[in-house]
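Reproduced below: structure.cif, with mmCIF, C-alpha atoms and all ligand atoms.
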data_upload
#
loop_
_atom_site.label_atom_id
_atom_site.label_comp_id
_atom_site.auth_asym_id
_atom_site.auth_seq_id
_atom_site.Cartn_x
_atom_site.Cartn_y
_atom_site.Cartn_z
CA MET O 88 -26.36 -27.35 3.32
CA LEU O 89 -25.85 -27.66 -0.40
CA GLU O 90 -22.38 -27.15 -1.81
CA ILE O 91 -22.28 -26.30 -5.50
CA GLU O 92 -18.85 -25.92 -7.04
CA ASN O 93 -18.20 -23.84 -10.12
CA LYS O 94 -15.33 -25.81 -11.70
CA ARG O 95 -14.21 -22.83 -13.82
CA SER O 96 -13.73 -20.39 -10.96
CA GLY O 97 -13.20 -22.92 -8.18
CA LYS O 98 -15.76 -21.03 -6.08
CA VAL O 99 -18.14 -23.04 -3.93
CA LEU O 100 -21.66 -21.82 -3.27
CA LYS O 101 -22.86 -23.00 0.15
CA VAL O 102 -26.60 -22.52 0.47
CA ASP O 103 -29.63 -23.84 2.22
CA PRO O 104 -31.69 -25.96 -0.24
CA PHE O 105 -35.03 -24.44 0.77
CA TRP O 106 -33.58 -20.95 0.29
CA LEU O 107 -32.36 -21.88 -3.16
CA ARG O 108 -35.72 -23.37 -4.14
CA ASP O 109 -37.36 -20.17 -2.81
CA HIS O 110 -35.08 -18.10 -5.07
CA CYS O 111 -36.13 -19.70 -8.33
CA ARG O 112 -36.78 -16.90 -10.84
CA CYS O 113 -38.76 -18.90 -13.42
CA ASN O 114 -42.02 -17.61 -14.88
CA ASN O 115 -44.04 -19.91 -12.63
CA CYS O 116 -42.37 -18.53 -9.53
CA ILE O 117 -42.06 -14.85 -10.48
CA ASN O 118 -44.53 -12.59 -12.24
CA VAL O 119 -42.33 -11.20 -15.02
CA GLU O 120 -44.15 -7.87 -15.13
CA THR O 121 -44.44 -7.08 -11.43
CA LYS O 122 -41.28 -8.94 -10.29
CA GLN O 123 -43.38 -10.29 -7.41
CA ARG O 124 -43.33 -13.90 -6.25
CA LYS O 125 -46.40 -15.88 -7.33
CA TYR O 126 -46.55 -18.79 -4.88
CA ASN O 127 -47.41 -19.51 -1.27
CA LEU O 128 -44.27 -20.42 0.66
CA LEU O 129 -46.09 -23.38 2.25
CA ASP O 130 -46.53 -24.92 -1.22
CA ILE O 131 -42.80 -25.70 -1.29
CA PRO O 132 -42.18 -28.97 0.63
CA GLU O 133 -40.21 -28.40 3.82
CA ASP O 134 -37.70 -31.11 2.86
CA VAL O 135 -37.29 -30.04 -0.78
CA GLU O 136 -33.95 -31.13 -2.26
CA PRO O 137 -32.20 -31.12 -5.60
CA LEU O 138 -32.28 -34.41 -7.52
CA PHE O 139 -29.96 -33.23 -10.24
CA ILE O 140 -27.58 -30.24 -10.65
CA LYS O 141 -25.88 -29.44 -13.94
CA PHE O 142 -23.88 -26.44 -15.15
CA GLN O 143 -24.74 -25.06 -18.59
CA ASN O 144 -21.94 -24.89 -21.17
CA ASP O 145 -21.20 -21.22 -20.50
CA GLY O 146 -20.10 -22.20 -16.98
CA THR O 147 -22.10 -19.44 -15.27
CA PHE O 148 -25.69 -20.73 -15.22
CA PHE O 149 -26.68 -24.01 -13.61
CA ASP O 150 -29.94 -26.01 -13.74
CA ILE O 151 -31.58 -27.93 -10.92
CA GLU O 152 -34.29 -30.60 -11.02
CA TRP O 153 -36.05 -30.45 -7.64
CA SER O 154 -37.73 -33.19 -5.63
CA ASP O 155 -41.09 -31.34 -6.02
CA ASN O 156 -40.94 -31.74 -9.84
CA HIS O 157 -39.84 -28.13 -10.33
CA SER O 158 -36.99 -27.06 -12.65
CA SER O 159 -34.88 -23.99 -11.96
CA THR O 160 -31.99 -22.14 -13.56
CA TYR O 161 -29.64 -19.97 -11.52
CA ASP O 162 -26.84 -17.47 -12.17
CA PHE O 163 -23.94 -18.76 -10.04
CA ASN O 164 -22.05 -15.45 -9.71
CA PHE O 165 -25.15 -13.44 -8.90
CA LEU O 166 -26.05 -15.79 -6.06
CA TYR O 167 -22.45 -16.00 -4.82
CA GLN O 168 -22.06 -12.20 -4.59
CA SER O 169 -25.46 -11.63 -3.02
CA LEU O 170 -25.11 -13.89 0.02
CA TYR O 171 -25.04 -12.48 3.52
CA GLU O 172 -21.63 -14.10 3.98
CA GLN O 173 -20.22 -11.90 1.19
CA VAL O 174 -22.05 -8.69 2.11
CA SER O 175 -21.15 -8.90 5.79
CA ASN O 176 -17.53 -9.88 5.08
CA SER O 177 -16.88 -7.01 2.74
CA LYS O 178 -18.31 -4.35 5.13
CA GLN O 179 -16.46 -1.75 3.06
CA HIS O 180 -17.56 1.61 4.22
CA ASN O 181 -20.14 3.34 2.09
CA THR O 182 -18.26 5.35 -0.55
CA SER O 183 -21.37 7.15 -1.78
CA ARG O 184 -21.34 9.48 1.26
CA THR O 185 -18.70 12.06 2.19
CA PRO O 186 -18.79 13.03 5.89
CA TRP O 187 -18.08 16.75 6.25
CA ASN O 188 -17.19 19.47 8.69
CA ARG O 189 -17.36 23.15 7.77
CA SER O 190 -14.07 23.31 5.89
CA ILE O 191 -14.85 20.18 3.84
CA ILE O 192 -18.33 21.37 2.85
CA LEU O 193 -17.05 24.84 1.91
CA GLN O 194 -14.54 23.23 -0.47
CA ASN O 195 -17.37 21.28 -2.10
CA GLU O 196 -20.11 23.91 -2.15
CA ARG O 197 -20.09 24.10 -5.96
CA HIS O 198 -21.37 20.48 -6.10
CA LEU O 199 -24.43 21.36 -4.05
CA ARG O 200 -26.23 23.88 -6.25
CA VAL O 201 -28.57 23.80 -9.24
CA ASN O 202 -30.84 26.56 -10.49
CA LEU O 203 -34.55 26.17 -11.05
CA THR O 204 -34.47 26.66 -14.84
CA ASP O 205 -31.90 23.88 -15.25
CA LEU O 206 -33.77 21.64 -12.83
CA ILE O 207 -37.02 22.00 -14.81
CA SER O 208 -35.40 21.48 -18.21
CA SER O 209 -32.67 18.94 -17.52
CA ASP O 210 -32.71 15.43 -16.07
CA GLY O 211 -28.97 15.89 -15.52
CA ALA O 212 -29.70 18.70 -13.07
CA VAL O 213 -32.13 16.44 -11.19
CA LYS O 214 -29.36 13.85 -10.90
CA THR O 215 -26.88 16.50 -9.72
CA LEU O 216 -29.30 17.54 -6.98
CA VAL O 217 -30.05 14.00 -5.78
CA SER O 218 -26.33 13.07 -5.94
CA ALA O 219 -25.49 15.99 -3.65
CA LEU O 220 -28.21 14.85 -1.22
CA ILE O 221 -26.81 11.32 -1.17
CA ARG O 222 -23.16 12.40 -0.90
CA TYR O 223 -23.38 15.42 1.42
CA GLY O 224 -26.95 15.30 2.74
CA ILE O 225 -27.54 18.89 1.66
CA ALA O 226 -28.28 20.72 -1.62
CA PHE O 227 -29.66 24.03 -2.87
CA ILE O 228 -31.98 25.17 -5.64
CA ASP O 229 -31.23 28.77 -6.67
CA GLU O 230 -33.29 31.35 -8.57
CA VAL O 231 -36.65 30.16 -7.23
CA PRO O 232 -39.25 32.96 -7.11
CA PRO O 233 -39.89 33.46 -3.37
CA ASN O 234 -43.39 32.13 -2.94
CA ALA O 235 -44.83 28.84 -1.65
CA GLU O 236 -46.19 27.82 -5.07
CA MET O 237 -42.77 27.96 -6.73
CA THR O 238 -41.19 26.15 -3.76
CA GLU O 239 -43.72 23.37 -4.31
CA LEU O 240 -43.17 23.30 -8.08
CA ALA O 241 -39.39 23.01 -7.61
CA ILE O 242 -39.71 20.08 -5.17
CA ARG O 243 -42.39 18.22 -7.13
CA ARG O 244 -40.06 18.21 -10.12
CA VAL O 245 -37.95 15.71 -8.14
CA PHE O 246 -39.95 14.21 -5.25
CA PRO O 247 -43.52 13.67 -4.04
CA ILE O 248 -44.26 15.73 -0.94
CA MET O 249 -44.90 14.07 2.43
CA LYS O 250 -48.20 14.84 4.11
CA THR O 251 -48.23 15.29 7.90
CA PHE O 252 -50.51 17.09 10.33
CA PHE O 253 -48.47 20.22 9.48
CA GLY O 254 -49.92 19.87 5.96
CA GLU O 255 -48.00 19.23 2.72
CA MET O 256 -46.48 22.65 2.07
CA TRP O 257 -46.17 24.67 5.24
CA THR O 258 -45.31 28.31 5.83
CA PHE O 259 -44.17 29.50 9.22
CA SER O 260 -43.27 32.77 10.85
CA ASP O 261 -43.30 33.70 14.52
CA VAL O 262 -47.08 33.34 14.47
CA LYS O 263 -47.70 30.39 16.77
CA ASP O 264 -49.63 28.09 14.40
CA HIS O 265 -48.22 24.98 16.11
CA ALA O 266 -46.86 24.16 19.55
CA ASP O 267 -43.26 24.17 18.32
CA THR O 268 -40.19 26.37 18.90
CA ALA O 269 -39.77 26.67 15.11
CA TYR O 270 -42.81 28.97 15.19
CA THR O 271 -40.98 31.60 17.31
CA LYS O 272 -38.03 34.00 16.85
CA GLU O 273 -35.84 32.11 19.34
CA TYR O 274 -32.50 30.41 18.86
CA LEU O 275 -32.87 26.76 17.86
CA GLY O 276 -29.93 24.40 18.43
CA SER O 277 -28.89 21.64 16.03
CA HIS O 278 -31.61 19.02 15.68
CA THR O 279 -33.45 16.65 13.42
CA ASP O 280 -37.21 17.00 12.98
CA ASN O 281 -39.89 14.44 13.80
CA THR O 282 -38.06 12.38 16.45
CA TYR O 283 -41.62 11.76 17.71
CA PHE O 284 -42.84 10.20 14.42
CA CYS O 285 -42.68 6.45 13.78
CA ASP O 286 -41.04 7.40 10.48
CA ALA O 287 -39.25 10.75 10.58
CA ALA O 288 -39.23 12.74 7.34
CA GLY O 289 -36.37 11.72 5.06
CA LEU O 290 -35.71 15.16 3.62
CA GLN O 291 -36.61 18.62 4.77
CA ILE O 292 -36.91 21.64 2.50
CA LEU O 293 -36.77 25.27 3.64
CA HIS O 294 -37.22 28.44 1.62
CA CYS O 295 -36.97 31.91 3.17
CA LEU O 296 -39.73 33.87 1.43
CA SER O 297 -39.10 37.19 3.16
CA HIS O 298 -37.26 38.76 6.07
CA GLU O 299 -38.09 42.41 6.67
CA ASN O 300 -37.18 45.07 9.23
CA GLY O 301 -34.83 42.85 11.17
CA MET O 302 -31.60 40.94 11.49
CA GLY O 303 -30.30 37.49 12.37
CA GLY O 304 -32.00 34.17 11.71
CA GLU O 305 -28.95 32.62 10.05
CA ASN O 306 -29.36 28.85 9.62
CA PHE O 307 -26.66 26.37 10.50
CA PHE O 308 -26.14 22.80 9.43
CA VAL O 309 -24.01 20.03 10.95
CA ASP O 310 -23.23 16.70 9.30
CA GLY O 311 -24.39 14.19 11.89
CA LEU O 312 -22.54 11.44 10.02
CA HIS O 313 -19.26 13.28 10.60
CA ALA O 314 -20.16 14.00 14.22
CA ALA O 315 -21.12 10.37 14.93
CA LYS O 316 -17.90 9.11 13.31
CA GLU O 317 -15.92 11.56 15.46
CA LEU O 318 -17.70 10.22 18.54
CA TYR O 319 -16.85 6.68 17.40
CA SER O 320 -13.16 7.44 17.08
CA ARG O 321 -12.84 9.61 20.21
CA HIS O 322 -15.24 7.90 22.65
CA LEU O 323 -16.17 4.41 21.45
CA ASN O 324 -18.08 3.57 24.64
CA ALA O 325 -20.25 6.67 24.27
CA PHE O 326 -20.99 5.76 20.65
CA GLU O 327 -21.96 2.21 21.60
CA LEU O 328 -24.25 3.53 24.33
CA LEU O 329 -26.06 6.00 22.05
CA LYS O 330 -26.44 3.20 19.52
CA ARG O 331 -28.23 1.10 22.13
CA VAL O 332 -30.30 3.37 24.40
CA GLN O 333 -33.82 4.26 23.25
CA VAL O 334 -34.61 7.95 23.62
CA PRO O 335 -38.33 8.76 23.56
CA GLY O 336 -39.57 11.86 21.74
CA GLU O 337 -43.06 13.36 21.80
CA TYR O 338 -45.18 16.09 20.26
CA VAL O 339 -48.31 17.28 21.99
CA GLU O 340 -50.85 19.88 20.90
CA THR O 341 -54.64 19.98 20.79
CA SER O 342 -55.77 16.80 18.98
CA GLN O 343 -52.20 15.60 18.33
CA TYR O 344 -50.10 13.25 20.47
CA HIS O 345 -47.15 11.71 18.65
CA LYS O 346 -44.63 9.60 20.53
CA TYR O 347 -41.77 7.39 19.42
CA SER O 348 -38.71 5.83 20.98
CA ALA O 349 -35.48 4.83 19.25
CA PRO O 350 -31.72 5.17 19.70
CA MET O 351 -30.06 8.44 18.60
CA ILE O 352 -27.64 6.50 16.41
CA HIS O 353 -29.11 3.71 14.30
CA VAL O 354 -26.53 1.39 12.74
CA ASP O 355 -27.42 -1.28 10.17
CA ASP O 356 -26.91 -4.72 11.76
CA ILE O 357 -25.50 -6.26 8.59
CA THR O 358 -23.41 -3.53 6.98
CA ASP O 359 -22.42 -1.59 10.15
CA GLU O 360 -23.33 1.63 8.35
CA ILE O 361 -24.96 4.52 10.20
CA ILE O 362 -28.41 4.75 8.63
CA GLN O 363 -30.28 7.20 10.83
CA LEU O 364 -29.45 9.86 13.36
CA ARG O 365 -32.15 11.27 15.63
CA LEU O 366 -31.21 14.30 17.68
CA ASN O 367 -33.63 16.70 19.29
CA VAL O 368 -33.02 17.93 22.81
CA TYR O 369 -36.31 19.87 22.76
CA ASP O 370 -38.73 17.09 21.80
CA ARG O 371 -37.53 14.56 24.37
CA ALA O 372 -40.29 12.91 26.38
CA LEU O 373 -39.97 11.50 29.91
CA PHE O 374 -36.79 9.45 29.71
CA ASN O 375 -37.42 6.10 31.40
CA THR O 376 -35.97 3.49 29.11
CA ILE O 377 -32.89 2.70 31.22
CA PRO O 378 -32.42 2.19 34.99
CA GLN O 379 -31.38 5.22 37.06
CA THR O 380 -28.05 3.49 37.77
CA GLU O 381 -27.14 3.90 34.08
CA MET O 382 -28.22 7.56 33.79
CA SER O 383 -24.86 9.18 34.59
CA GLU O 384 -23.14 7.09 31.94
CA PHE O 385 -25.86 7.99 29.42
CA TYR O 386 -25.74 11.73 30.08
CA ASP O 387 -21.95 11.66 29.88
CA ALA O 388 -22.16 10.04 26.41
CA PHE O 389 -24.91 12.45 25.31
CA ARG O 390 -22.84 15.47 26.40
CA LYS O 391 -19.72 14.18 24.61
CA TYR O 392 -21.80 13.83 21.43
CA LEU O 393 -23.40 17.28 21.76
CA LYS O 394 -19.99 18.90 22.30
CA ILE O 395 -18.86 17.51 18.94
CA VAL O 396 -22.14 18.55 17.25
CA GLN O 397 -21.98 22.07 18.70
CA SER O 398 -18.26 22.69 18.07
CA SER O 399 -17.64 25.60 15.73
CA ASP O 400 -15.74 23.53 13.16
CA SER O 401 -18.77 21.22 12.77
CA GLN O 402 -21.26 24.01 12.01
CA TRP O 403 -21.83 25.52 8.60
CA THR O 404 -23.69 28.79 9.10
CA LEU O 405 -25.38 30.64 6.26
CA LYS O 406 -28.13 33.16 5.73
CA LEU O 407 -30.94 31.75 3.61
CA GLN O 408 -31.91 34.42 1.09
CA PRO O 409 -35.27 34.65 -0.67
CA GLY O 410 -34.86 32.73 -3.95
CA THR O 411 -32.69 29.93 -2.54
CA LEU O 412 -34.21 26.71 -1.38
CA VAL O 413 -32.23 24.35 0.86
CA LEU O 414 -32.90 20.61 0.94
CA PHE O 415 -31.28 18.44 3.60
CA ASP O 416 -31.29 14.86 4.82
CA ASN O 417 -33.29 14.82 8.05
CA TRP O 418 -31.80 11.39 8.93
CA ARG O 419 -28.26 12.75 8.73
CA VAL O 420 -27.82 16.54 8.75
CA PHE O 421 -28.74 18.51 11.86
CA HIS O 422 -30.19 21.99 11.41
CA GLY O 423 -30.71 25.00 13.63
CA ARG O 424 -31.05 28.76 13.44
CA LEU O 425 -29.98 31.88 15.28
CA ALA O 426 -32.54 34.15 16.90
CA TYR O 427 -33.88 36.93 14.68
CA THR O 428 -35.68 40.24 14.78
CA GLY O 429 -38.19 41.66 12.33
CA SER O 430 -40.73 39.58 10.45
CA ARG O 431 -39.73 36.50 8.56
CA THR O 432 -41.74 33.97 6.58
CA MET O 433 -40.38 30.55 5.70
CA SER O 434 -41.97 27.98 3.44
CA GLY O 435 -41.11 24.32 3.35
CA CYS O 436 -42.11 20.71 3.23
CA TYR O 437 -40.92 17.18 3.96
CA VAL O 438 -40.19 14.23 1.67
CA GLN O 439 -40.55 10.65 2.88
CA ARG O 440 -37.34 8.67 3.27
CA THR O 441 -38.58 5.90 1.01
CA ASP O 442 -39.37 8.36 -1.82
CA PHE O 443 -35.94 9.99 -1.54
CA LEU O 444 -34.10 6.65 -1.66
CA SER O 445 -36.34 5.32 -4.44
CA LYS O 446 -35.43 8.33 -6.62
CA ALA O 447 -31.73 7.81 -5.87
CA ARG O 448 -32.01 4.11 -6.86
CA VAL O 449 -33.87 4.89 -10.08
CA LEU O 450 -31.07 7.35 -10.95
CA GLY O 451 -28.48 4.61 -10.28
CA LEU O 452 -26.91 6.51 -7.36
CA ILE O 453 -27.37 3.81 -4.70
CA GLU O 454 -28.21 0.11 -4.63
FE FE H 501 -36.49 21.81 12.55
ZN ZN H 502 -39.59 -21.65 -10.42
#

How does this structure look as structure tokens?
Ligand SMILES: [Fe+2]
Ligand SMILES: [Zn+2]
Amino acid sequence: MLEIENKRSGKVLKVDPFWLRDHCRCNNCINVETKQRKYNLLDIPEDVEPLFIKFQNDGTFFDIEWSDNHSSTYDFNFLYQSLYEQVSNSKQHNTSRTPWNRSIILQNERHLRVNLTDLISSDGAVKTLVSALIRYGIAFIDEVPPNAEMTELAIRRVFPIMKTFFGEMWTFSDVKDHADTAYTKEYLGSHTDNTYFCDAAGLQILHCLSHENGMGGENFFVDGLHAAKELYSRHLNAFELLKRVQVPGEYVETSQYHKYSAPMIHVDDITDEIIQLRLNVYDRALFNTIPQTEMSEFYDAFRKYLKIVQSSDSQWTLKLQPGTLVLFDNWRVFHGRLAYTGSRTMSGCYVQRTDFLSKARVLGLIE
């Protein structure tokens, strides 16, 4: 290990020499335009070491002459703050997200809405919308003419649309276009979509285009982040189990067979943050990823979690009206709907997780 002391601050940078050589940002190592590395890792000698280390006069940058005849300049503070040792020590909880139950979200509803005219004309409105999605995992666009074309126009103003076998923009009613409960009039409990995809959609968008000659069909939303944190504080063992056990999901129809297995609660190994929740009691495949002797413990944990998710103070119920588009984080917010009568047409689409987070980064909302 190399130990490089900054005499001004007294801080000592402890790094692996090969790592440091691999993090040279000079024009020979990095393509300035693409920010991509330009060299083959094997071109750096395995035993590379600094011959000479010297701080510049400003006390923040230091230069190294390497044993492979390469010269590098580094920003001491940048390196110091970026190390795993710092990131994992700080483990401050993510302040860009506010977990919510019904009363919390109702107090903050005004932060969740933009109208289409503002969204089209103002970058500030785009930022308001994406901020709400990062903070609460749910947002609305109002005053959208109720047709699939305007739904698409509103979303494309902010995000590219994800293409799946359902198409890009989909419309659904109780006409059974796909082998899925969504294409019926039945009650649908809180869930996330695409538990059977290798990469579940990051955002989901729904727009009620029409509901005639009937009643019901209210949608409800539950913040999975809040529910998972409740599980953590009330039943730690159950949380740890759901973090570990892989639950397979599948989707089968003519010429489609999607299958994927992952835990219901995915926590980042380094930051300890919850990064993805998968919950869909309907799309579960044959469950054979743990021995039968562990089943009763698993089902007990699953039931404890579902009781929190399905409690009335978790659920925010609202009737989606034609003209209002709801966007929600399919890795965080669970959605469901009450049974309905009459004829109803919904339009919607998905956005890939990576496109959602990229937009949020470009807007300076997350790192
Ligand atoms: Fe769904
Ligand atoms: Zn270099």

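One distance worth recording is that between CA of Arg390 in chain O and CA of Phe415 in chain O, which is 24.5 Å.
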
Please tabulate, as JSON lines, the residues of range 308-335 of chain O that come within 12 Å of range 183-204 of chain O, each with its closest pair of atoms and the distance in Å to one decimal, counting all atoms listed in the file and ordering rows by chain, then residue number upward.
{"residue": "O:Phe308", "atom": "CA", "partner": "O:Arg189", "partner_atom": "CA", "distance": 8.9}
{"residue": "O:Val309", "atom": "CA", "partner": "O:Asn188", "partner_atom": "CA", "distance": 7.2}
{"residue": "O:Asp310", "atom": "CA", "partner": "O:Trp187", "partner_atom": "CA", "distance": 6.0}
{"residue": "O:Gly311", "atom": "CA", "partner": "O:Pro186", "partner_atom": "CA", "distance": 8.3}
{"residue": "O:Leu312", "atom": "CA", "partner": "O:Pro186", "partner_atom": "CA", "distance": 5.8}
{"residue": "O:His313", "atom": "CA", "partner": "O:Pro186", "partner_atom": "CA", "distance": 4.7}
{"residue": "O:Ala314", "atom": "CA", "partner": "O:Asn188", "partner_atom": "CA", "distance": 8.3}
{"residue": "O:Ala315", "atom": "CA", "partner": "O:Pro186", "partner_atom": "CA", "distance": 9.7}
{"residue": "O:Lys316", "atom": "CA", "partner": "O:Pro186", "partner_atom": "CA", "distance": 8.4}
{"residue": "O:Glu317", "atom": "CA", "partner": "O:Pro186", "partner_atom": "CA", "distance": 10.1}

### CA of Ser297 in chain O to CA of Thr432 in chain O, straight-line distance in Å
5.4 Å

### Query
If we count only C-alpha atoms, what is near Ile225 in chain O at a cut-off of 7 Å, once residues fewer than 2 positions away on the same chain are taken out, given as number ranges by chain?
O: 199, 219-220, 223, 414-416

### Message
Taking only C-alpha atoms and all ligand atoms into account, list the residues no farther than 10 Å from ligand FE 501 (chain H), as a ChimeraX atom specification.
### Response
/O:267-270,275-281,291,293,367,417,421-424

Could you save the residues just selected, with C-alpha atoms, as a PDB file, in the frame of the given file?
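After the write, part-v3.pdb holds the following:
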ATOM      1  CA  ASP O 267     -43.260  24.170  18.320  1.00  0.00           C
ATOM      2  CA  THR O 268     -40.190  26.370  18.900  1.00  0.00           C
ATOM      3  CA  ALA O 269     -39.770  26.670  15.110  1.00  0.00           C
ATOM      4  CA  TYR O 270     -42.810  28.970  15.190  1.00  0.00           C
ATOM      5  CA  LEU O 275     -32.870  26.760  17.860  1.00  0.00           C
ATOM      6  CA  GLY O 276     -29.930  24.400  18.430  1.00  0.00           C
ATOM      7  CA  SER O 277     -28.890  21.640  16.030  1.00  0.00           C
ATOM      8  CA  HIS O 278     -31.610  19.020  15.680  1.00  0.00           C
ATOM      9  CA  THR O 279     -33.450  16.650  13.420  1.00  0.00           C
ATOM     10  CA  ASP O 280     -37.210  17.000  12.980  1.00  0.00           C
ATOM     11  CA  ASN O 281     -39.890  14.440  13.800  1.00  0.00           C
ATOM     12  CA  GLN O 291     -36.610  18.620   4.770  1.00  0.00           C
ATOM     13  CA  LEU O 293     -36.770  25.270   3.640  1.00  0.00           C
ATOM     14  CA  ASN O 367     -33.630  16.700  19.290  1.00  0.00           C
ATOM     15  CA  ASN O 417     -33.290  14.820   8.050  1.00  0.00           C
ATOM     16  CA  PHE O 421     -28.740  18.510  11.860  1.00  0.00           C
ATOM     17  CA  HIS O 422     -30.190  21.990  11.410  1.00  0.00           C
ATOM     18  CA  GLY O 423     -30.710  25.000  13.630  1.00  0.00           C
ATOM     19  CA  ARG O 424     -31.050  28.760  13.440  1.00  0.00           C
TER      20      ARG O 424
END

Output as CSV one row per residue of chain O within 9 Å of ligand ZN 502 (chain H): the closest atom pair and its distance in Å to one decimal place, counting all atoms listed in the file, sorted by chain and residue number ascending.
residue,atom,partner,partner_atom,distance
O:Arg108,CA,H:ZN502,ZN,7.6
O:Asp109,CA,H:ZN502,ZN,8.1
O:His110,CA,H:ZN502,ZN,7.8
O:Cys111,CA,H:ZN502,ZN,4.5
O:Arg112,CA,H:ZN502,ZN,5.5
O:Cys113,CA,H:ZN502,ZN,4.2
O:Asn114,CA,H:ZN502,ZN,6.5
O:Asn115,CA,H:ZN502,ZN,5.3
O:Cys116,CA,H:ZN502,ZN,4.3
O:Ile117,CA,H:ZN502,ZN,7.2
O:His157,CA,H:ZN502,ZN,6.5
O:Ser158,CA,H:ZN502,ZN,6.4
O:Ser159,CA,H:ZN502,ZN,5.5
O:Thr160,CA,H:ZN502,ZN,8.2

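Across O:Val354, O:Phe389, O:Ile248, O:Met256, the tightest approach to Phe443 in chain O is made by O:Ile248 when counting all atoms listed in the file.
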
Tell me which protein, DNA and RNA residues are within 8 Å of Leu318 in chain O, counting all atoms listed in the file, leaving out same-chain ones fewer than 6 positions away, and put them as a compact mmCIF listing (two decimals) with C-alpha atoms, in the frame of the given file.
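Listing of around28.txt after writing:
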# COMPACT_ATOMS: atom_id res chain seq x y z
CA ALA O 325 -20.25 6.67 24.27
CA PHE O 326 -20.99 5.76 20.65
CA LYS O 391 -19.72 14.18 24.61
CA TYR O 392 -21.80 13.83 21.43
CA ILE O 395 -18.86 17.51 18.94

### Query
In file coordinates, which residues lie within 8 Å of (-38.1, 7.5, 18.9) using only C-alpha atoms, given as number ranges by chain?
O: 282-285, 333-336, 346-350, 365

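Nearest residue to Gly224 in chain O among O:Ile140, O:Tyr427, O:Lys94, O:Gly289 is O:Gly289, counting all atoms listed in the file.
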
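Of the residues under consideration (O:Leu407, O:Gly429, O:Arg244, O:Gln439), O:Leu407 shows the shortest atom-to-atom contact distance to Asp229 in chain O when counting only C-alpha atoms.
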
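Using all atoms listed in the file, the smallest distance between any of O:Ile453, O:Glu152, O:Ser434, O:Gln363 and Pro409 in chain O comes from O:Ser434.
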
Show me, as AutoDock Vina command-line options, the centre and edge lengths in Å to one decimal of the axis-aligned box that covers every listed atom of range 94-111 of chain O with 6 Å on each side.
--center_x -25.3 --center_y -22.0 --center_z -5.8 --size_x 36.2 --size_y 19.9 --size_z 28.0

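By only C-alpha atoms, and with residues fewer than 4 positions from Ala426 in chain O along its chain excluded, the set lying at most 6 Å from it is Lys272, Glu273, Tyr274 and Gly304 of chain O.
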
Output for the residues just chosen: C-alpha atoms as a PDB file, in the frame of the given file:
ATOM      1  CA  LYS O 272     -38.030  34.000  16.850  1.00  0.00           C
ATOM      2  CA  GLU O 273     -35.840  32.110  19.340  1.00  0.00           C
ATOM      3  CA  TYR O 274     -32.500  30.410  18.860  1.00  0.00           C
ATOM      4  CA  GLY O 304     -32.000  34.170  11.710  1.00  0.00           C
TER       5      GLY O 304
END

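Interatomic distance, CA of Pro104 in chain O to CA of Met88 in chain O: 6.6 Å.
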
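Minimum distance to Cys295 in chain O across O:Ala266, O:Ala241, O:Thr258, O:Ile151 (counting only C-alpha atoms) occurs at O:Thr258.
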